[in-house]
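K.L.:
Input data27.pdb, format and content: PDB, C-alpha atoms and all ligand atoms.
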ATOM      1  CA  MET A 201     132.675 106.834  73.816
ATOM      2  CA  LEU A 202     131.777 106.346  77.442
ATOM      3  CA  MET A 203     135.188 107.484  78.626
ATOM      4  CA  ILE A 204     134.957 110.653  76.579
ATOM      5  CA  ARG A 205     131.607 111.362  78.091
ATOM      6  CA  LEU A 206     132.946 110.849  81.603
ATOM      7  CA  ARG A 207     135.855 113.176  80.939
ATOM      8  CA  ASN A 208     133.502 115.823  79.639
ATOM      9  CA  LEU A 209     131.352 115.540  82.717
ATOM     10  CA  ILE A 210     134.341 115.805  85.013
ATOM     11  CA  ALA A 211     135.641 118.810  83.087
ATOM     12  CA  LEU A 212     132.235 120.366  83.527
ATOM     13  CA  VAL A 213     132.433 119.907  87.252
ATOM     14  CA  ALA A 214     135.884 121.420  87.396
ATOM     15  CA  GLY A 215     134.415 124.429  85.652
ATOM     16  CA  LEU A 216     131.623 124.900  88.172
ATOM     17  CA  VAL A 217     131.340 128.313  89.689
ATOM     18  CA  VAL A 218     132.312 127.815  93.301
ATOM     19  CA  LEU A 219     130.127 129.683  95.712
ATOM     20  CA  THR A 220     131.318 129.889  99.284
ATOM     21  CA  ALA A 221     128.419 129.615 101.622
ATOM     22  CA  CYS A 222     127.611 128.458 105.081
ATOM     23  CA  ALA A 223     124.139 127.107 105.487
ATOM     24  CA  THR A 224     122.062 125.559 108.228
ATOM     25  CA  SER A 225     120.402 122.199 107.744
ATOM     26  CA  PRO A 226     116.725 121.672 108.657
ATOM     27  CA  THR A 227     117.728 120.239 112.040
ATOM     28  CA  GLY A 228     120.067 123.158 112.770
ATOM     29  CA  ARG A 229     123.375 121.547 111.828
ATOM     30  CA  SER A 230     125.802 123.995 110.162
ATOM     31  CA  GLN A 231     126.632 122.979 106.617
ATOM     32  CA  VAL A 232     129.343 124.003 104.188
ATOM     33  CA  ILE A 233     127.699 124.432 100.794
ATOM     34  CA  LEU A 234     130.224 125.209  98.051
ATOM     35  CA  LYS A 235     128.577 123.978  94.884
ATOM     36  CA  SER A 236     125.891 125.628  92.848
ATOM     37  CA  ASP A 237     122.596 123.795  93.322
ATOM     38  CA  ASP A 238     121.641 124.504  89.715
ATOM     39  CA  GLU A 239     124.820 122.939  88.355
ATOM     40  CA  LEU A 240     124.546 119.911  90.604
ATOM     41  CA  GLU A 241     120.922 119.426  89.662
ATOM     42  CA  ALA A 242     121.756 119.565  85.965
ATOM     43  CA  LEU A 243     124.473 116.963  86.434
ATOM     44  CA  ALA A 244     122.190 114.790  88.529
ATOM     45  CA  ALA A 245     119.499 114.931  85.852
ATOM     46  CA  LYS A 246     122.008 113.746  83.261
ATOM     47  CA  GLN A 247     123.233 111.013  85.593
ATOM     48  CA  PHE A 248     119.730 109.884  86.424
ATOM     49  CA  ALA A 249     118.847 109.644  82.725
ATOM     50  CA  GLU A 250     121.938 107.524  82.184
ATOM     51  CA  MET A 251     120.953 105.177  85.005
ATOM     52  CA  LYS A 252     117.442 104.805  83.632
ATOM     53  CA  ALA A 253     118.907 103.973  80.223
ATOM     54  CA  SER A 254     121.363 101.408  81.557
ATOM     55  CA  MET A 255     119.513  99.649  84.375
ATOM     56  CA  PRO A 256     116.328  97.587  83.967
ATOM     57  CA  LEU A 257     113.225  99.565  84.897
ATOM     58  CA  MET A 258     110.305  97.953  86.685
ATOM     59  CA  THR A 259     107.492  96.975  84.333
ATOM     60  CA  ASP A 260     105.066  95.366  86.804
ATOM     61  CA  GLN A 261     102.291  97.942  87.110
ATOM     62  CA  ALA A 262     101.096  96.839  90.559
ATOM     63  CA  THR A 263     104.594  97.337  91.990
ATOM     64  CA  ILE A 264     104.973 100.720  90.271
ATOM     65  CA  ASP A 265     101.560 101.871  91.546
ATOM     66  CA  TYR A 266     102.333 100.754  95.086
ATOM     67  CA  ILE A 267     105.688 102.542  95.364
ATOM     68  CA  ALA A 268     104.373 105.642  93.554
ATOM     69  CA  CYS A 269     101.368 105.756  95.890
ATOM     70  CA  VAL A 270     103.593 105.918  98.973
ATOM     71  CA  ALA A 271     105.903 108.514  97.381
ATOM     72  CA  ASN A 272     102.983 110.696  96.266
ATOM     73  CA  HIS A 273     101.472 110.760  99.738
ATOM     74  CA  ILE A 274     104.777 111.954 101.178
ATOM     75  CA  VAL A 275     105.445 114.589  98.508
ATOM     76  CA  LEU A 276     101.919 115.975  98.968
ATOM     77  CA  ALA A 277     102.592 116.387 102.684
ATOM     78  CA  LEU A 278     105.832 118.361 102.198
ATOM     79  CA  ASP A 279     106.020 122.090 102.912
ATOM     80  CA  GLU A 280     106.927 124.668 100.284
ATOM     81  CA  PRO A 281     109.204 124.978  98.439
ATOM     82  CA  HIS A 282     109.728 121.216  98.463
ATOM     83  CA  SER A 283     106.084 120.448  97.735
ATOM     84  CA  GLN A 284     106.457 122.494  94.541
ATOM     85  CA  MET A 285     109.591 120.682  93.322
ATOM     86  CA  GLU A 286     109.405 118.397  90.337
ATOM     87  CA  TRP A 287     110.105 115.107  92.036
ATOM     88  CA  GLU A 288     110.963 112.213  89.779
ATOM     89  CA  MET A 289     111.185 108.609  90.838
ATOM     90  CA  ALA A 290     112.588 105.635  88.960
ATOM     91  CA  ILE A 291     111.850 102.102  90.107
ATOM     92  CA  PHE A 292     114.544  99.663  89.026
ATOM     93  CA  ASP A 293     113.945  95.965  88.528
ATOM     94  CA  VAL A 294     117.058  95.165  90.556
ATOM     95  CA  ASP A 295     117.208  92.812  93.541
ATOM     96  CA  ALA A 296     119.516  94.989  95.647
ATOM     97  CA  VAL A 297     117.980  96.221  98.902
ATOM     98  CA  ASN A 298     118.559  99.868  98.128
ATOM     99  CA  ALA A 299     117.317 103.307  97.247
ATOM    100  CA  PHE A 300     119.043 106.611  96.532
ATOM    101  CA  ALA A 301     118.413 110.315  96.147
ATOM    102  CA  MET A 302     119.996 112.928  93.911
ATOM    103  CA  PRO A 303     119.915 116.732  93.882
ATOM    104  CA  GLY A 304     116.853 118.223  92.246
ATOM    105  CA  GLY A 305     114.473 115.551  93.522
ATOM    106  CA  LYS A 306     115.508 112.417  91.663
ATOM    107  CA  ILE A 307     114.695 109.327  93.712
ATOM    108  CA  GLY A 308     115.703 105.806  92.734
ATOM    109  CA  VAL A 309     114.170 102.747  94.340
ATOM    110  CA  MET A 310     115.382  99.194  93.715
ATOM    111  CA  LYS A 311     112.733  96.469  93.721
ATOM    112  CA  GLY A 312     114.806  94.617  96.342
ATOM    113  CA  ILE A 313     113.923  97.263  98.930
ATOM    114  CA  LEU A 314     110.545  95.539  99.302
ATOM    115  CA  LYS A 315     112.356  92.644 101.023
ATOM    116  CA  ALA A 316     113.050  95.019 103.938
ATOM    117  CA  ALA A 317     110.133  97.441 103.549
ATOM    118  CA  ARG A 318     107.321  94.973 104.161
ATOM    119  CA  ASN A 319     104.307  97.292 104.318
ATOM    120  CA  GLN A 320     103.380 100.804 103.173
ATOM    121  CA  HIS A 321     104.555 102.388 106.431
ATOM    122  CA  GLN A 322     107.992 100.795 106.203
ATOM    123  CA  LEU A 323     108.286 101.825 102.556
ATOM    124  CA  ALA A 324     107.303 105.353 103.590
ATOM    125  CA  ALA A 325     110.199 105.347 106.076
ATOM    126  CA  VAL A 326     112.599 104.571 103.192
ATOM    127  CA  ILE A 327     111.147 107.151 100.808
ATOM    128  CA  GLY A 328     110.872 109.801 103.531
ATOM    129  CA  HIS A 329     114.539 109.220 104.342
ATOM    130  CA  GLU A 330     115.549 109.633 100.686
ATOM    131  CA  ILE A 331     113.450 112.760 100.230
ATOM    132  CA  ALA A 332     115.075 114.184 103.357
ATOM    133  CA  HIS A 333     118.538 113.752 101.803
ATOM    134  CA  VAL A 334     117.316 115.992  98.969
ATOM    135  CA  THR A 335     115.547 118.651 101.031
ATOM    136  CA  ALA A 336     118.510 118.903 103.432
ATOM    137  CA  ARG A 337     120.893 119.372 100.435
ATOM    138  CA  HIS A 338     123.079 116.504 101.574
ATOM    139  CA  SER A 339     124.560 115.874  98.127
ATOM    140  CA  ASN A 340     125.737 119.450  97.834
ATOM    141  CA  GLU A 341     127.238 119.313 101.298
ATOM    142  CA  ARG A 342     128.952 116.037 100.464
ATOM    143  CA  ALA A 343     130.204 117.229  97.080
ATOM    144  CA  SER A 344     131.502 120.377  98.731
ATOM    145  CA  ARG A 345     133.770 118.219 100.825
ATOM    146  CA  GLY A 346     135.064 116.923  97.580
ATOM    147  CA  SER A 347     137.206 113.852  97.632
ATOM    148  CA  PHE A 348     136.530 110.879  95.439
ATOM    149  CA  SER A 349     135.654 107.863  97.541
ATOM    150  CA  GLU A 350     136.782 104.316  96.791
ATOM    151  CA  VAL A 351     134.339 103.021  99.367
ATOM    152  CA  GLY A 352     131.617 104.706  97.420
ATOM    153  CA  VAL A 353     132.575 102.920  94.258
ATOM    154  CA  GLN A 354     132.414  99.589  96.015
ATOM    155  CA  VAL A 355     128.992 100.364  97.361
ATOM    156  CA  ALA A 356     127.825 101.281  93.882
ATOM    157  CA  ALA A 357     129.155  98.035  92.470
ATOM    158  CA  VAL A 358     127.495  95.946  95.167
ATOM    159  CA  LEU A 359     124.293  97.893  94.778
ATOM    160  CA  LEU A 360     123.875  96.552  91.266
ATOM    161  CA  GLY A 361     124.708  92.929  92.041
ATOM    162  CA  GLY A 362     124.667  90.098  89.458
ATOM    163  CA  GLY A 363     122.584  90.521  86.349
ATOM    164  CA  ASN A 364     123.664  91.010  82.769
ATOM    165  CA  GLN A 365     127.393  91.642  82.707
ATOM    166  CA  GLY A 366     127.356  94.274  79.972
ATOM    167  CA  ALA A 367     124.437  96.200  81.390
ATOM    168  CA  THR A 368     125.922  96.013  84.878
ATOM    169  CA  TYR A 369     129.212  97.401  83.671
ATOM    170  CA  THR A 370     127.576 100.323  81.974
ATOM    171  CA  ALA A 371     125.506 101.094  85.036
ATOM    172  CA  TYR A 372     128.574 100.713  87.218
ATOM    173  CA  GLU A 373     130.424 103.222  85.064
ATOM    174  CA  ALA A 374     127.460 105.557  85.304
ATOM    175  CA  LEU A 375     127.452 105.312  89.068
ATOM    176  CA  LYS A 376     131.199 105.743  89.231
ATOM    177  CA  ALA A 377     130.881 108.935  87.227
ATOM    178  CA  GLY A 378     128.195 110.127  89.605
ATOM    179  CA  GLU A 379     130.490 109.566  92.520
ATOM    180  CA  ALA A 380     133.393 111.318  90.872
ATOM    181  CA  LEU A 381     131.023 114.234  90.547
ATOM    182  CA  GLY A 382     130.095 114.035  94.186
ATOM    183  CA  ILE A 383     126.481 113.348  93.356
ATOM    184  CA  MET A 384     126.395 109.810  94.620
ATOM    185  CA  LEU A 385     128.983 109.788  97.351
ATOM    186  CA  PRO A 386     127.824 107.849 100.382
ATOM    187  CA  PHE A 387     126.389 110.163 102.962
ATOM    188  CA  SER A 388     128.030 110.776 106.326
ATOM    189  CA  ARG A 389     126.685 109.433 109.596
ATOM    190  CA  ALA A 390     125.468 112.866 110.605
ATOM    191  CA  GLN A 391     123.591 113.123 107.333
ATOM    192  CA  GLU A 392     122.109 109.644 107.696
ATOM    193  CA  SER A 393     120.884 110.466 111.207
ATOM    194  CA  GLU A 394     119.448 113.722 109.996
ATOM    195  CA  ALA A 395     117.676 112.024 107.074
ATOM    196  CA  ASP A 396     116.168 109.572 109.578
ATOM    197  CA  VAL A 397     114.831 112.372 111.778
ATOM    198  CA  ILE A 398     113.461 114.492 108.933
ATOM    199  CA  GLY A 399     112.146 111.488 107.020
ATOM    200  CA  LEU A 400     110.245 110.337 110.074
ATOM    201  CA  LYS A 401     108.426 113.673 110.223
ATOM    202  CA  TYR A 402     107.617 113.507 106.535
ATOM    203  CA  MET A 403     106.114 110.033 106.760
ATOM    204  CA  ALA A 404     104.118 110.909 109.877
ATOM    205  CA  LYS A 405     102.708 114.088 108.330
ATOM    206  CA  ALA A 406     101.616 112.007 105.337
ATOM    207  CA  GLY A 407      99.728 109.633 107.640
ATOM    208  CA  PHE A 408     102.175 106.739 107.796
ATOM    209  CA  ASP A 409     102.949 105.205 111.185
ATOM    210  CA  PRO A 410     106.434 106.362 112.276
ATOM    211  CA  ARG A 411     106.729 103.409 114.679
ATOM    212  CA  GLN A 412     107.117 101.180 111.626
ATOM    213  CA  SER A 413     110.542 102.727 111.034
ATOM    214  CA  VAL A 414     111.912 100.473 113.780
ATOM    215  CA  PRO A 415     111.059  97.125 112.145
ATOM    216  CA  LEU A 416     112.144  98.641 108.819
ATOM    217  CA  TRP A 417     115.690  99.277 110.048
ATOM    218  CA  GLN A 418     115.747  95.903 111.764
ATOM    219  CA  ASN A 419     114.766  94.243 108.478
ATOM    220  CA  MET A 420     117.352  96.353 106.685
ATOM    221  CA  ASN A 421     120.068  95.120 109.037
ATOM    222  CA  ALA A 422     118.959  91.520 108.543
ATOM    223  CA  GLU A 423     119.190  91.986 104.768
ATOM    224  CA  ALA A 424     122.553  93.748 105.061
ATOM    225  CA  GLY A 425     124.540  90.547 105.030
ATOM    226  CA  LYS A 426     123.118  89.727 101.635
ATOM    227  CA  ALA A 427     123.356  93.092  99.884
ATOM    228  CA  PRO A 428     124.734  96.218 101.548
ATOM    229  CA  ALA A 429     122.395  99.155 101.169
ATOM    230  CA  GLU A 430     122.978 102.871 100.893
ATOM    231  CA  PHE A 431     121.621 103.095 104.395
ATOM    232  CA  LEU A 432     124.265 100.795 105.769
ATOM    233  CA  SER A 433     127.314 102.199 104.017
ATOM    234  CA  THR A 434     127.906 104.827 106.678
ATOM    235  CA  HIS A 435     125.029 104.041 108.968
ATOM    236  CA  PRO A 436     124.890 104.845 112.630
ATOM    237  CA  SER A 437     125.051 101.583 114.597
ATOM    238  CA  SER A 438     121.655  99.974 114.367
ATOM    239  CA  GLU A 439     120.996 100.296 118.096
ATOM    240  CA  ARG A 440     121.818 103.978 118.098
ATOM    241  CA  ARG A 441     119.701 104.474 115.006
ATOM    242  CA  ILE A 442     116.716 102.781 116.582
ATOM    243  CA  ASP A 443     117.181 104.683 119.865
ATOM    244  CA  GLN A 444     117.180 107.902 117.898
ATOM    245  CA  LEU A 445     114.009 106.954 116.027
ATOM    246  CA  VAL A 446     112.212 106.006 119.235
ATOM    247  CA  GLY A 447     113.399 109.300 120.741
ATOM    248  CA  GLN A 448     111.562 111.115 117.938
ATOM    249  CA  PHE A 449     108.216 109.426 118.573
ATOM    250  CA  SER A 450     107.143 112.167 121.019
ATOM    251  CA  VAL A 451     107.362 114.581 118.089
ATOM    252  CA  THR A 452     106.241 112.339 115.255
ATOM    253  CA  LEU A 453     103.333 110.437 116.818
ATOM    254  CA  PRO A 454     101.337 113.668 117.315
ATOM    255  CA  LEU A 455     101.990 114.490 113.633
ATOM    256  CA  TYR A 456     100.760 111.028 112.694
ATOM    257  CA  ASN A 457      97.663 111.392 114.879
ATOM    258  CA  ASP A 458      96.908 114.817 113.369
ATOM    259  CA  ALA A 459      97.131 113.337 109.881
ATOM    260  CA  GLN A 460      94.748 110.545 110.841
ATOM    261  CA  THR A 461      92.310 113.059 112.317
ATOM    262  CA  ALA A 462      92.510 115.125 109.128
ATOM    263  CA  GLY A 463      91.596 112.036 107.128
ATOM    264  CA  ASP A 464      95.057 111.421 105.692
ATOM    265  CA  VAL A 465      94.971 107.628 105.898
ATOM    266  CA  PRO A 466      97.020 106.236 103.007
ATOM    267  CA  ASN A 467      95.968 102.887 101.624
ATOM    268  CA  CYS A 468      98.712 101.873  99.207
ATOM    269  CA  ILE A 469      98.195  98.270  98.197
ATOM    270  CA  ALA A 470     101.320  96.116  98.085
ATOM    271  CA  PRO A 471     101.588  93.777  95.079
ATOM    272  CA  GLU A 472     100.953  90.054  95.726
TER     273      GLU A 472
HETATM  274 ZN    ZN B 501     120.539 107.685 103.604
END
Would you put the structure from the file into structure tokens?
Ligand SMILES: [Zn+2]
P.N.:
Amino acid sequence: MLMIRLRNLIALVAGLVVLTACATSPTGRSQVILKSDDELEALAAKQFAEMKASMPLMTDQATIDYIACVANHIVLALDEPHSQMEWEMAIFDVDAVNAFAMPGGKIGVMKGILKAARNQHQLAAVIGHEIAHVTARHSNERASRGSFSEVGVQVAAVLLGGGNQGATYTAYEALKAGEALGIMLPFSRAQESEADVIGLKYMAKAGFDPRQSVPLWQNMNAEAGKAPAEFLSTHPSSERRIDQLVGQFSVTLPLYNDAQTAGDVPNCIAPE
């Protein structure tokens, strides 16, 4: 049953109308965008639904409220058209230190991310980064490059870690299908750097302290040995990443200060 479904999905992708287009990313990088956003978004929605059905969802209300609070602050601070998008977030009760983004505004956060994101500002750095992957159309750019990635499959498998064997397998298959479709391929280094830069602006505009992105990535690296994260699959070296973040403070600290002055002072309460 599952295999038939996968084949159907892949056939659907093969049938996509291919649009040739050159685009420019929000930081001015030239992008090759070959896929239809509408088609990719429809596939991502299907994929996301499958993940929600096959992976355990968080039930602890305090944790849900905390993560949703941070995400809402960031989405409210986005510019149009992204502020008008229907963002959807799923919080998975999975220990992996990870998060992901899919076309159309689907964001997945694993509970384990809270091991690295130790306060609301650090969590905002993660969510801002994921939202930036969406707004910069990174999945489309990645899918346009095409090839199926074995590395990606490994990352997906590690992402899930332990747990119930049957459920894990189903989720693994779901992720594998997503990668075959180009929806969940690991992002390139250039895309990761760009998501860092854009995400930092998003968090700062929402009133989160961009300086907290530095300890976040340090924590993420410390956790990497235990469970590789999306961020680390193709990450810029941690020193370069941190240098780049610090280099953005001259731009992002004024945004943060403006938000504070305007009264945008988020107070998302972390669960005990
Ligand atoms: Zn990323």
K.L.:
Please, what is the axis-aligned box for every listed atom of stretch 293-296 of chain A with 4 Å on each side, as centre and edge lengths in Å to one decimal, as AutoDock Vina command-line options?
P.N.:
--center_x 116.7 --center_y 94.4 --center_z 92.1 --size_x 13.6 --size_y 11.2 --size_z 15.1
K.L.:
Would you kindly translate the PyMOL selection byres (((chain A and resi 300-308) around 6) and not hetatm) into the concrete residues it picks from this file, as an MDAnalysis selection string?
P.N.:
chainID A and resid 241 287:291 299 309 330 334
K.L.:
Quick one: pull the distance between atom CA of A:Ala390 and atom CA of A:Asn421, Å, one decimal.
P.N.:
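Straight-line distance from atom CA of A:Ala390 to atom CA of A:Asn421 works out to 18.6 Å.
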K.L.:
So, counting all atoms listed in the file, which residue among A:Ala317, A:Tyr456, A:Ile398, A:Met403 is closest to A:Pro415?
P.N.:
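So, comparing all the options, the nearest one is A:Ala317.
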K.L.:
Taking all atoms listed in the file into account, which of A:Thr452, A:Val397, A:Gly328, A:Ser388 comes nearest A:Arg411?
P.N.:
A:Thr452
K.L.:
Give as number ranges by chain the set of residues within 10 Å of the point (104.5, 114.5, 97.7), where distances use the file's coordinates and all atoms listed in the file.
P.N.:
A: 268-279, 282-287, 328, 331, 402, 406
K.L.:
Tell me which residues the PyMOL selection byres (((chain A and resi 445) around 12) and not hetatm) grabs here, as a CSV table (one decimal) with C-alpha atoms, keeping the file's coordinate frame.
P.N.:
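out34.csv was written with the following content:
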chain,number,residue,atom,x,y,z
A,325,ALA,CA,110.2,105.3,106.1
A,329,HIS,CA,114.5,109.2,104.3
A,392,GLU,CA,122.1,109.6,107.7
A,393,SER,CA,120.9,110.5,111.2
A,394,GLU,CA,119.4,113.7,110.0
A,395,ALA,CA,117.7,112.0,107.1
A,396,ASP,CA,116.2,109.6,109.6
A,397,VAL,CA,114.8,112.4,111.8
A,398,ILE,CA,113.5,114.5,108.9
A,399,GLY,CA,112.1,111.5,107.0
A,400,LEU,CA,110.2,110.3,110.1
A,401,LYS,CA,108.4,113.7,110.2
A,410,PRO,CA,106.4,106.4,112.3
A,411,ARG,CA,106.7,103.4,114.7
A,412,GLN,CA,107.1,101.2,111.6
A,413,SER,CA,110.5,102.7,111.0
A,414,VAL,CA,111.9,100.5,113.8
A,415,PRO,CA,111.1,97.1,112.1
A,416,LEU,CA,112.1,98.6,108.8
A,417,TRP,CA,115.7,99.3,110.0
A,418,GLN,CA,115.7,95.9,111.8
A,436,PRO,CA,124.9,104.8,112.6
A,438,SER,CA,121.7,100.0,114.4
A,439,GLU,CA,121.0,100.3,118.1
A,440,ARG,CA,121.8,104.0,118.1
A,441,ARG,CA,119.7,104.5,115.0
A,442,ILE,CA,116.7,102.8,116.6
A,443,ASP,CA,117.2,104.7,119.9
A,444,GLN,CA,117.2,107.9,117.9
A,446,VAL,CA,112.2,106.0,119.2
A,447,GLY,CA,113.4,109.3,120.7
A,448,GLN,CA,111.6,111.1,117.9
A,449,PHE,CA,108.2,109.4,118.6
A,450,SER,CA,107.1,112.2,121.0
A,451,VAL,CA,107.4,114.6,118.1
A,452,THR,CA,106.2,112.3,115.3
A,453,LEU,CA,103.3,110.4,116.8
K.L.:
For the structure provided, state which residues fall under the PyMOL selection byres (((chain A and resi 459-461) around 9) and not hetatm), and present them as an MDAnalysis selection string.
P.N.:
chainID A and resid 404:408 454:458 462:465
K.L.:
Let me see the file: selected residues, C-alpha atoms, as a PDB file, in the frame of the given file.
P.N.:
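So the final result, stored in again-v7.pdb, reads:
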ATOM      1  CA  ALA A 404     104.118 110.909 109.877  1.00  0.00           C
ATOM      2  CA  LYS A 405     102.708 114.088 108.330  1.00  0.00           C
ATOM      3  CA  ALA A 406     101.616 112.007 105.337  1.00  0.00           C
ATOM      4  CA  GLY A 407      99.728 109.633 107.640  1.00  0.00           C
ATOM      5  CA  PHE A 408     102.175 106.739 107.796  1.00  0.00           C
ATOM      6  CA  PRO A 454     101.337 113.668 117.315  1.00  0.00           C
ATOM      7  CA  LEU A 455     101.990 114.490 113.633  1.00  0.00           C
ATOM      8  CA  TYR A 456     100.760 111.028 112.694  1.00  0.00           C
ATOM      9  CA  ASN A 457      97.663 111.392 114.879  1.00  0.00           C
ATOM     10  CA  ASP A 458      96.908 114.817 113.369  1.00  0.00           C
ATOM     11  CA  ALA A 462      92.510 115.125 109.128  1.00  0.00           C
ATOM     12  CA  GLY A 463      91.596 112.036 107.128  1.00  0.00           C
ATOM     13  CA  ASP A 464      95.057 111.421 105.692  1.00  0.00           C
ATOM     14  CA  VAL A 465      94.971 107.628 105.898  1.00  0.00           C
TER      15      VAL A 465
END
